[in-house]
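Okay, run-v2.cif now, which holds mmCIF, N, CA and C atoms:
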```cif
data_model
#
loop_
_atom_site.label_atom_id
_atom_site.label_comp_id
_atom_site.auth_asym_id
_atom_site.auth_seq_id
_atom_site.Cartn_x
_atom_site.Cartn_y
_atom_site.Cartn_z
N MET A 551 16.37 18.73 11.85
CA MET A 551 15.26 18.77 10.91
C MET A 551 14.67 17.37 10.75
N GLN A 552 13.37 17.27 10.91
CA GLN A 552 12.70 15.97 10.80
C GLN A 552 12.50 15.60 9.33
N GLN A 553 12.82 14.35 9.01
CA GLN A 553 12.67 13.88 7.64
C GLN A 553 11.20 13.69 7.32
N GLU A 554 10.81 14.13 6.13
CA GLU A 554 9.44 13.98 5.67
C GLU A 554 9.09 12.51 5.49
N LYS A 555 7.88 12.14 5.87
CA LYS A 555 7.42 10.77 5.65
C LYS A 555 7.10 10.57 4.18
N THR A 556 7.33 9.36 3.72
CA THR A 556 6.84 9.04 2.38
C THR A 556 5.35 8.80 2.50
N ILE A 557 4.67 8.86 1.41
CA ILE A 557 3.24 8.63 1.42
C ILE A 557 2.94 7.19 1.85
N PHE A 558 3.84 6.26 1.57
CA PHE A 558 3.68 4.87 1.99
C PHE A 558 3.82 4.74 3.50
N GLU A 559 4.75 5.48 4.09
CA GLU A 559 4.91 5.48 5.54
C GLU A 559 3.68 6.08 6.22
N GLU A 560 3.08 7.06 5.61
CA GLU A 560 1.85 7.66 6.13
C GLU A 560 0.73 6.62 6.19
N VAL A 561 0.60 5.81 5.15
CA VAL A 561 -0.42 4.75 5.13
C VAL A 561 -0.14 3.75 6.25
N GLN A 562 1.13 3.32 6.39
CA GLN A 562 1.49 2.35 7.42
C GLN A 562 1.18 2.88 8.82
N ALA A 563 1.39 4.17 9.02
CA ALA A 563 1.15 4.77 10.34
C ALA A 563 -0.35 4.93 10.62
N ARG A 564 -1.13 5.13 9.60
CA ARG A 564 -2.55 5.44 9.76
C ARG A 564 -3.43 4.21 9.88
N TYR A 565 -3.07 3.12 9.22
CA TYR A 565 -3.94 1.95 9.14
C TYR A 565 -3.35 0.72 9.82
N ASP A 566 -4.24 -0.15 10.28
CA ASP A 566 -3.88 -1.45 10.83
C ASP A 566 -4.21 -2.50 9.78
N ILE A 567 -3.25 -3.34 9.45
CA ILE A 567 -3.44 -4.30 8.37
C ILE A 567 -4.57 -5.29 8.65
N LEU A 568 -4.81 -5.62 9.91
CA LEU A 568 -5.90 -6.55 10.23
C LEU A 568 -7.25 -5.93 9.90
N GLU A 569 -7.42 -4.65 10.19
CA GLU A 569 -8.67 -3.95 9.87
C GLU A 569 -8.85 -3.82 8.36
N VAL A 570 -7.78 -3.51 7.66
CA VAL A 570 -7.85 -3.38 6.20
C VAL A 570 -8.21 -4.72 5.57
N ALA A 571 -7.56 -5.80 6.02
CA ALA A 571 -7.86 -7.13 5.48
C ALA A 571 -9.33 -7.49 5.71
N ALA A 572 -9.84 -7.17 6.89
CA ALA A 572 -11.25 -7.45 7.19
C ALA A 572 -12.17 -6.66 6.25
N GLU A 573 -11.85 -5.38 6.03
CA GLU A 573 -12.65 -4.55 5.12
C GLU A 573 -12.60 -5.09 3.69
N LEU A 574 -11.51 -5.74 3.33
CA LEU A 574 -11.38 -6.32 1.99
C LEU A 574 -12.07 -7.69 1.89
N GLY A 575 -12.63 -8.15 2.99
CA GLY A 575 -13.35 -9.42 2.97
C GLY A 575 -12.48 -10.64 3.17
N ILE A 576 -11.28 -10.45 3.68
CA ILE A 576 -10.37 -11.57 3.93
C ILE A 576 -10.66 -12.09 5.34
N ASP A 577 -11.06 -13.36 5.42
CA ASP A 577 -11.45 -13.98 6.68
C ASP A 577 -10.22 -14.57 7.35
N LEU A 578 -9.64 -13.82 8.27
CA LEU A 578 -8.39 -14.23 8.93
C LEU A 578 -8.66 -15.05 10.19
N ARG A 579 -7.72 -15.95 10.46
CA ARG A 579 -7.77 -16.79 11.65
C ARG A 579 -6.42 -16.68 12.34
N ARG A 580 -6.44 -16.39 13.64
CA ARG A 580 -5.19 -16.23 14.38
C ARG A 580 -4.47 -17.57 14.52
N VAL A 581 -3.16 -17.56 14.21
CA VAL A 581 -2.30 -18.72 14.38
C VAL A 581 -1.00 -18.20 15.00
N GLY A 582 -0.87 -18.35 16.31
CA GLY A 582 0.30 -17.81 17.00
C GLY A 582 0.30 -16.30 16.94
N SER A 583 1.40 -15.73 16.48
CA SER A 583 1.49 -14.27 16.38
C SER A 583 1.08 -13.74 15.00
N THR A 584 0.65 -14.65 14.13
CA THR A 584 0.23 -14.25 12.78
C THR A 584 -1.26 -14.54 12.59
N TYR A 585 -1.76 -14.11 11.45
CA TYR A 585 -3.13 -14.41 11.06
C TYR A 585 -3.08 -15.03 9.68
N ARG A 586 -3.95 -16.04 9.45
CA ARG A 586 -3.90 -16.75 8.19
C ARG A 586 -5.26 -16.87 7.55
N ALA A 587 -5.23 -17.09 6.24
CA ALA A 587 -6.44 -17.29 5.45
C ALA A 587 -6.05 -18.04 4.20
N SER A 588 -7.05 -18.41 3.41
CA SER A 588 -6.72 -19.03 2.14
C SER A 588 -6.14 -17.96 1.23
N SER A 589 -5.49 -18.38 0.18
CA SER A 589 -4.83 -17.47 -0.75
C SER A 589 -5.80 -16.41 -1.27
N ILE A 590 -5.28 -15.23 -1.54
CA ILE A 590 -6.10 -14.17 -2.12
C ILE A 590 -6.17 -14.28 -3.64
N ALA A 591 -5.58 -15.37 -4.17
CA ALA A 591 -5.68 -15.64 -5.60
C ALA A 591 -7.15 -15.85 -5.95
N LYS A 592 -7.52 -15.53 -7.15
CA LYS A 592 -8.92 -15.66 -7.57
C LYS A 592 -9.46 -17.08 -7.37
N ASP A 593 -8.59 -18.09 -7.52
CA ASP A 593 -9.05 -19.47 -7.33
C ASP A 593 -8.79 -20.00 -5.92
N GLY A 594 -8.40 -19.12 -5.00
CA GLY A 594 -8.21 -19.51 -3.61
C GLY A 594 -6.98 -20.36 -3.40
N GLY A 595 -6.94 -21.01 -2.26
CA GLY A 595 -5.79 -21.84 -1.95
C GLY A 595 -5.94 -22.43 -0.56
N GLY A 596 -4.91 -23.10 -0.07
CA GLY A 596 -4.95 -23.72 1.24
C GLY A 596 -5.12 -22.71 2.36
N GLU A 597 -5.54 -23.21 3.53
CA GLU A 597 -5.80 -22.36 4.69
C GLU A 597 -4.60 -21.55 5.15
N ILE A 598 -3.41 -22.01 4.90
CA ILE A 598 -2.23 -21.29 5.38
C ILE A 598 -1.51 -20.53 4.27
N ALA A 599 -2.13 -20.39 3.13
CA ALA A 599 -1.46 -19.76 2.00
C ALA A 599 -1.24 -18.26 2.20
N PHE A 600 -2.18 -17.57 2.84
CA PHE A 600 -2.10 -16.13 3.02
C PHE A 600 -1.82 -15.85 4.49
N THR A 601 -0.76 -15.09 4.77
CA THR A 601 -0.37 -14.80 6.16
C THR A 601 -0.21 -13.31 6.35
N VAL A 602 -0.77 -12.82 7.46
CA VAL A 602 -0.63 -11.42 7.85
C VAL A 602 0.26 -11.35 9.08
N TYR A 603 1.21 -10.42 9.06
CA TYR A 603 2.14 -10.20 10.16
C TYR A 603 1.82 -8.85 10.80
N PRO A 604 0.98 -8.83 11.85
CA PRO A 604 0.54 -7.56 12.42
C PRO A 604 1.67 -6.71 12.99
N ASP A 605 2.73 -7.34 13.49
CA ASP A 605 3.83 -6.57 14.07
C ASP A 605 4.52 -5.67 13.06
N SER A 606 4.54 -6.10 11.80
CA SER A 606 5.19 -5.30 10.76
C SER A 606 4.18 -4.69 9.77
N ASN A 607 2.87 -4.90 10.04
CA ASN A 607 1.83 -4.39 9.15
C ASN A 607 2.08 -4.87 7.72
N SER A 608 2.41 -6.16 7.59
CA SER A 608 2.72 -6.71 6.27
C SER A 608 2.00 -8.03 6.06
N TRP A 609 2.11 -8.56 4.83
CA TRP A 609 1.43 -9.80 4.46
C TRP A 609 2.25 -10.53 3.41
N TYR A 610 1.95 -11.83 3.27
CA TYR A 610 2.57 -12.62 2.21
C TYR A 610 1.61 -13.72 1.81
N ASP A 611 1.47 -13.94 0.51
CA ASP A 611 0.65 -15.02 -0.02
C ASP A 611 1.61 -16.06 -0.60
N PHE A 612 1.70 -17.20 0.06
CA PHE A 612 2.66 -18.24 -0.33
C PHE A 612 2.27 -18.94 -1.63
N LYS A 613 1.01 -18.94 -1.97
CA LYS A 613 0.59 -19.54 -3.24
C LYS A 613 1.02 -18.65 -4.41
N LEU A 614 0.86 -17.34 -4.24
CA LEU A 614 1.19 -16.40 -5.31
C LEU A 614 2.64 -15.91 -5.27
N ASN A 615 3.32 -16.17 -4.16
CA ASN A 615 4.68 -15.67 -3.95
C ASN A 615 4.77 -14.16 -4.06
N ILE A 616 3.80 -13.49 -3.44
CA ILE A 616 3.83 -12.03 -3.38
C ILE A 616 3.44 -11.59 -1.98
N GLY A 617 3.81 -10.38 -1.65
CA GLY A 617 3.47 -9.82 -0.36
C GLY A 617 3.82 -8.35 -0.34
N GLY A 618 3.68 -7.76 0.81
CA GLY A 618 4.02 -6.35 0.92
C GLY A 618 3.34 -5.70 2.10
N ASP A 619 3.10 -4.41 1.94
CA ASP A 619 2.49 -3.64 3.01
C ASP A 619 1.00 -3.42 2.73
N ILE A 620 0.38 -2.53 3.48
CA ILE A 620 -1.05 -2.27 3.34
C ILE A 620 -1.38 -1.77 1.94
N THR A 621 -0.57 -0.86 1.43
CA THR A 621 -0.82 -0.32 0.09
C THR A 621 -0.80 -1.43 -0.95
N ASP A 622 0.16 -2.33 -0.84
CA ASP A 622 0.27 -3.45 -1.78
C ASP A 622 -0.96 -4.35 -1.71
N LEU A 623 -1.45 -4.59 -0.48
CA LEU A 623 -2.62 -5.45 -0.31
C LEU A 623 -3.86 -4.85 -0.96
N VAL A 624 -4.12 -3.58 -0.69
CA VAL A 624 -5.28 -2.91 -1.30
C VAL A 624 -5.12 -2.86 -2.81
N ALA A 625 -3.92 -2.55 -3.27
CA ALA A 625 -3.67 -2.49 -4.72
C ALA A 625 -3.95 -3.83 -5.37
N PHE A 626 -3.48 -4.93 -4.77
CA PHE A 626 -3.65 -6.25 -5.36
C PHE A 626 -5.11 -6.69 -5.35
N VAL A 627 -5.77 -6.55 -4.21
CA VAL A 627 -7.14 -7.05 -4.06
C VAL A 627 -8.16 -6.21 -4.82
N LYS A 628 -8.00 -4.90 -4.80
CA LYS A 628 -9.05 -4.04 -5.37
C LYS A 628 -8.71 -3.41 -6.72
N PHE A 629 -7.42 -3.21 -7.00
CA PHE A 629 -7.05 -2.40 -8.16
C PHE A 629 -6.05 -3.07 -9.09
N ASP A 630 -6.07 -4.39 -9.15
CA ASP A 630 -5.21 -5.13 -10.07
C ASP A 630 -3.74 -4.70 -9.97
N GLY A 631 -3.28 -4.42 -8.74
CA GLY A 631 -1.89 -4.06 -8.52
C GLY A 631 -1.56 -2.59 -8.66
N ASP A 632 -2.53 -1.73 -8.93
CA ASP A 632 -2.29 -0.31 -9.15
C ASP A 632 -2.16 0.42 -7.81
N LYS A 633 -0.92 0.71 -7.41
CA LYS A 633 -0.68 1.37 -6.13
C LYS A 633 -1.22 2.80 -6.09
N LYS A 634 -1.21 3.46 -7.20
CA LYS A 634 -1.72 4.83 -7.22
C LYS A 634 -3.19 4.84 -6.80
N GLN A 635 -3.99 3.95 -7.35
CA GLN A 635 -5.40 3.89 -6.99
C GLN A 635 -5.57 3.50 -5.52
N ALA A 636 -4.74 2.59 -5.05
CA ALA A 636 -4.79 2.20 -3.64
C ALA A 636 -4.48 3.38 -2.73
N LEU A 637 -3.46 4.15 -3.08
CA LEU A 637 -3.11 5.32 -2.27
C LEU A 637 -4.22 6.35 -2.27
N LEU A 638 -4.84 6.56 -3.42
CA LEU A 638 -5.93 7.53 -3.48
C LEU A 638 -7.11 7.08 -2.62
N GLU A 639 -7.33 5.77 -2.53
CA GLU A 639 -8.41 5.28 -1.66
C GLU A 639 -8.03 5.38 -0.19
N LEU A 640 -6.80 5.05 0.13
CA LEU A 640 -6.36 5.04 1.52
C LEU A 640 -6.13 6.44 2.09
N LEU A 641 -5.72 7.36 1.25
CA LEU A 641 -5.43 8.72 1.70
C LEU A 641 -6.18 9.75 0.84
N PRO A 642 -7.50 9.67 0.78
CA PRO A 642 -8.24 10.60 -0.09
C PRO A 642 -8.06 12.05 0.31
N ASP A 643 -7.83 12.29 1.59
CA ASP A 643 -7.65 13.67 2.05
C ASP A 643 -6.32 14.25 1.58
N HIS A 644 -5.43 13.43 1.05
CA HIS A 644 -4.14 13.92 0.56
C HIS A 644 -4.08 13.99 -0.96
N ALA A 645 -5.15 13.63 -1.62
CA ALA A 645 -5.12 13.60 -3.09
C ALA A 645 -4.75 14.95 -3.68
N GLN A 646 -5.24 16.02 -3.10
CA GLN A 646 -4.93 17.35 -3.62
C GLN A 646 -3.71 17.97 -2.92
N GLN A 647 -3.15 17.26 -1.96
CA GLN A 647 -2.02 17.81 -1.20
C GLN A 647 -0.80 16.92 -1.33
N ILE A 648 -0.63 16.33 -2.47
CA ILE A 648 0.44 15.37 -2.69
C ILE A 648 1.82 16.02 -2.52
N ASP A 649 1.90 17.32 -2.62
CA ASP A 649 3.16 18.03 -2.49
C ASP A 649 3.73 17.98 -1.08
N ARG A 650 2.97 17.51 -0.10
CA ARG A 650 3.46 17.41 1.27
C ARG A 650 4.31 16.18 1.49
N PHE A 651 4.38 15.29 0.53
CA PHE A 651 5.05 14.01 0.70
C PHE A 651 6.13 13.79 -0.35
N ARG A 652 6.92 12.77 -0.09
CA ARG A 652 7.82 12.25 -1.11
C ARG A 652 7.21 10.96 -1.60
N ILE A 653 7.20 10.78 -2.89
CA ILE A 653 6.64 9.56 -3.46
C ILE A 653 7.79 8.65 -3.83
N VAL A 654 7.66 7.39 -3.48
CA VAL A 654 8.75 6.44 -3.69
C VAL A 654 8.48 5.59 -4.92
N PHE A 655 9.43 5.55 -5.82
CA PHE A 655 9.38 4.67 -6.99
C PHE A 655 10.57 3.73 -6.87
N GLY A 656 10.32 2.56 -6.30
CA GLY A 656 11.43 1.65 -6.06
C GLY A 656 12.39 2.27 -5.08
N ASP A 657 13.64 2.41 -5.45
CA ASP A 657 14.62 3.03 -4.56
C ASP A 657 14.87 4.50 -4.92
N GLN A 658 14.10 5.03 -5.83
CA GLN A 658 14.27 6.42 -6.27
C GLN A 658 13.24 7.31 -5.57
N TYR A 659 13.71 8.34 -4.89
CA TYR A 659 12.82 9.28 -4.21
C TYR A 659 12.64 10.51 -5.09
N ILE A 660 11.40 10.89 -5.32
CA ILE A 660 11.12 12.07 -6.12
C ILE A 660 10.51 13.12 -5.20
N PRO A 661 11.25 14.21 -4.91
CA PRO A 661 10.66 15.24 -4.07
C PRO A 661 9.54 15.94 -4.84
N VAL A 662 8.46 16.19 -4.15
CA VAL A 662 7.31 16.80 -4.79
C VAL A 662 7.06 18.17 -4.17
N SER A 663 7.13 19.19 -4.96
CA SER A 663 6.82 20.54 -4.50
C SER A 663 5.87 21.15 -5.51
N ASP A 664 5.41 22.36 -5.23
CA ASP A 664 4.46 23.00 -6.14
C ASP A 664 5.00 23.07 -7.56
N SER A 665 6.30 23.34 -7.72
CA SER A 665 6.85 23.47 -9.07
C SER A 665 6.89 22.12 -9.81
N TYR A 666 6.96 21.01 -9.08
CA TYR A 666 7.04 19.70 -9.70
C TYR A 666 5.71 18.95 -9.68
N LYS A 667 4.73 19.49 -8.97
CA LYS A 667 3.48 18.77 -8.74
C LYS A 667 2.83 18.31 -10.04
N GLU A 668 2.76 19.18 -11.03
CA GLU A 668 2.10 18.82 -12.29
C GLU A 668 2.87 17.71 -13.01
N ASP A 669 4.21 17.82 -13.03
CA ASP A 669 5.02 16.79 -13.68
C ASP A 669 4.86 15.44 -12.99
N VAL A 670 4.87 15.44 -11.67
CA VAL A 670 4.72 14.20 -10.92
C VAL A 670 3.33 13.61 -11.14
N GLN A 671 2.31 14.45 -11.13
CA GLN A 671 0.96 13.96 -11.35
C GLN A 671 0.83 13.34 -12.73
N GLN A 672 1.44 13.96 -13.74
CA GLN A 672 1.42 13.40 -15.09
C GLN A 672 2.13 12.04 -15.10
N TYR A 673 3.25 11.94 -14.39
CA TYR A 673 3.97 10.67 -14.31
C TYR A 673 3.09 9.61 -13.65
N LEU A 674 2.45 9.97 -12.54
CA LEU A 674 1.58 9.03 -11.85
C LEU A 674 0.42 8.59 -12.73
N ASP A 675 -0.11 9.50 -13.51
CA ASP A 675 -1.23 9.16 -14.39
C ASP A 675 -0.82 8.16 -15.46
N LYS A 676 0.45 8.16 -15.85
CA LYS A 676 0.91 7.29 -16.92
C LYS A 676 1.49 5.97 -16.45
N HIS A 677 1.86 5.89 -15.16
CA HIS A 677 2.56 4.71 -14.67
C HIS A 677 1.84 4.08 -13.49
N THR A 678 1.85 2.79 -13.45
CA THR A 678 1.34 2.05 -12.29
C THR A 678 2.52 1.84 -11.36
N LEU A 679 2.35 2.19 -10.08
CA LEU A 679 3.40 1.99 -9.11
C LEU A 679 3.51 0.52 -8.77
N THR A 680 4.74 0.03 -8.66
CA THR A 680 4.95 -1.36 -8.24
C THR A 680 5.92 -1.42 -7.11
#
```

Produce structure tokens that represent the structure in this file.
Amino acid sequence: MQQEKTIFEEVQARYDILEVAAELGIDLRRVGSTYRASSIAKDGGGEIAFTVYPDSNSWYDFKLNIGGDITDLVAFVKFDGDKKQALLELLPDHAQQIDRFRIVFGDQYIPVSDSYKEDVQQYLDKHTLT
């Protein structure tokens, strides 16, 4: 039996972090196997503060000491860290079909089925994913 993907794994499989960063207006410059830009902090930062790692579809901002995957990047840049809003933007076709996935809250997996869908949606509405 194949294990169900988490909704975060679905985003990682569907999107390329370099394309997402470009759509977010981040001007990346290739440096070896990574891509760099000034910090994504509102006040900017040095040229090497923000680094994208295309091999792992991840990023890190050394000025802010934060990083993560594609969902984290969209959440930080566009939605003040709100992963739920980032997921809804990245996977709009799944907004009404959330029961097909497992949603990850830290290390806790919450299976989502029709019977739990309303409870999970209420939880999502009240909590910002981090």

- Can you tell me, as a list of chain:residue names, what residues are no more than 6.5 Å from segment 566-569 of chain A when counting only N, CA and C atoms, ignoring any on the same chain fewer than 4 positions away?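 What passes the distance filter is A:Gln562, A:Glu573, A:Leu574, A:Pro604, A:Asn607, A:Ser608, A:Ile620.
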
- Select, from A:Thr601, A:Thr621, A:Gln635, A:Asn615, the residue with the minimum atom-to-atom distance to Thr584 of chain A, counting only N, CA and C atoms.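 For Thr584 of chain A, the nearest of the given residues is A:Thr601.
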
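Atom pair atom N of Gly631 of chain A / atom CA of Trp609 of chain A has a distance of 15.0 Å (rounded to one decimal).
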
- Query: What does the distance between atom CA of Ala599 of chain A and atom CA of Lys633 of chain A come to in Å, to one decimal place?
  - Reply: 22.7 Å

- Figure out the distance between atom CA of Tyr603 of chain A and atom CA of Tyr585 of chain A, please, to one decimal in Å. 6.8 Å

- Item | Spatial sel., origin (-1.1, -12.7, -3.9), limit 6 Å, all atoms listed in the file, listed as a ChimeraX atom specification | /A:590-591,611,614-617

Expected file for segment 558-576 of chain A keeping N, CA and C atoms, as a CSV table (one decimal), in the first residue's frame:
```csv
chain,number,residue,atom,x,y,z
A,558,PHE,N,2.1,19.1,2.0
A,558,PHE,CA,3.4,19.8,1.9
A,558,PHE,C,4.3,19.1,0.8
A,559,GLU,N,4.3,17.7,0.9
A,559,GLU,CA,5.0,17.0,-0.1
A,559,GLU,C,4.4,17.2,-1.5
A,560,GLU,N,3.1,17.4,-1.6
A,560,GLU,CA,2.5,17.6,-2.9
A,560,GLU,C,3.0,19.0,-3.5
A,561,VAL,N,3.1,20.0,-2.6
A,561,VAL,CA,3.7,21.3,-3.1
A,561,VAL,C,5.1,21.1,-3.6
A,562,GLN,N,5.9,20.4,-2.8
A,562,GLN,CA,7.3,20.2,-3.2
A,562,GLN,C,7.4,19.5,-4.5
A,563,ALA,N,6.6,18.5,-4.7
A,563,ALA,CA,6.6,17.8,-6.0
A,563,ALA,C,6.1,18.6,-7.2
A,564,ARG,N,5.2,19.5,-6.9
A,564,ARG,CA,4.6,20.3,-8.0
A,564,ARG,C,5.3,21.5,-8.4
A,565,TYR,N,6.0,22.1,-7.5
A,565,TYR,CA,6.7,23.4,-7.8
A,565,TYR,C,8.2,23.4,-7.7
A,566,ASP,N,8.8,24.3,-8.5
A,566,ASP,CA,10.3,24.5,-8.4
A,566,ASP,C,10.5,25.8,-7.7
A,567,ILE,N,11.4,25.7,-6.7
A,567,ILE,CA,11.6,26.8,-5.8
A,567,ILE,C,12.2,28.0,-6.6
A,568,LEU,N,13.0,27.8,-7.6
A,568,LEU,CA,13.5,28.9,-8.4
A,568,LEU,C,12.4,29.7,-9.1
A,569,GLU,N,11.4,29.0,-9.6
A,569,GLU,CA,10.3,29.6,-10.3
A,569,GLU,C,9.4,30.4,-9.3
A,570,VAL,N,9.2,29.8,-8.2
A,570,VAL,CA,8.4,30.4,-7.1
A,570,VAL,C,9.1,31.7,-6.6
A,571,ALA,N,10.4,31.6,-6.4
A,571,ALA,CA,11.1,32.8,-5.9
A,571,ALA,C,11.0,33.9,-7.0
A,572,ALA,N,11.2,33.6,-8.2
A,572,ALA,CA,11.1,34.6,-9.3
A,572,ALA,C,9.7,35.2,-9.3
A,573,GLU,N,8.6,34.4,-9.2
A,573,GLU,CA,7.3,34.9,-9.1
A,573,GLU,C,7.0,35.8,-7.9
A,574,LEU,N,7.8,35.6,-6.9
A,574,LEU,CA,7.7,36.4,-5.7
A,574,LEU,C,8.5,37.7,-5.8
A,575,GLY,N,9.2,37.9,-6.9
A,575,GLY,CA,10.0,39.1,-7.1
A,575,GLY,C,11.4,39.0,-6.5
A,576,ILE,N,11.9,37.8,-6.1
A,576,ILE,CA,13.2,37.7,-5.5
A,576,ILE,C,14.2,37.5,-6.7
```
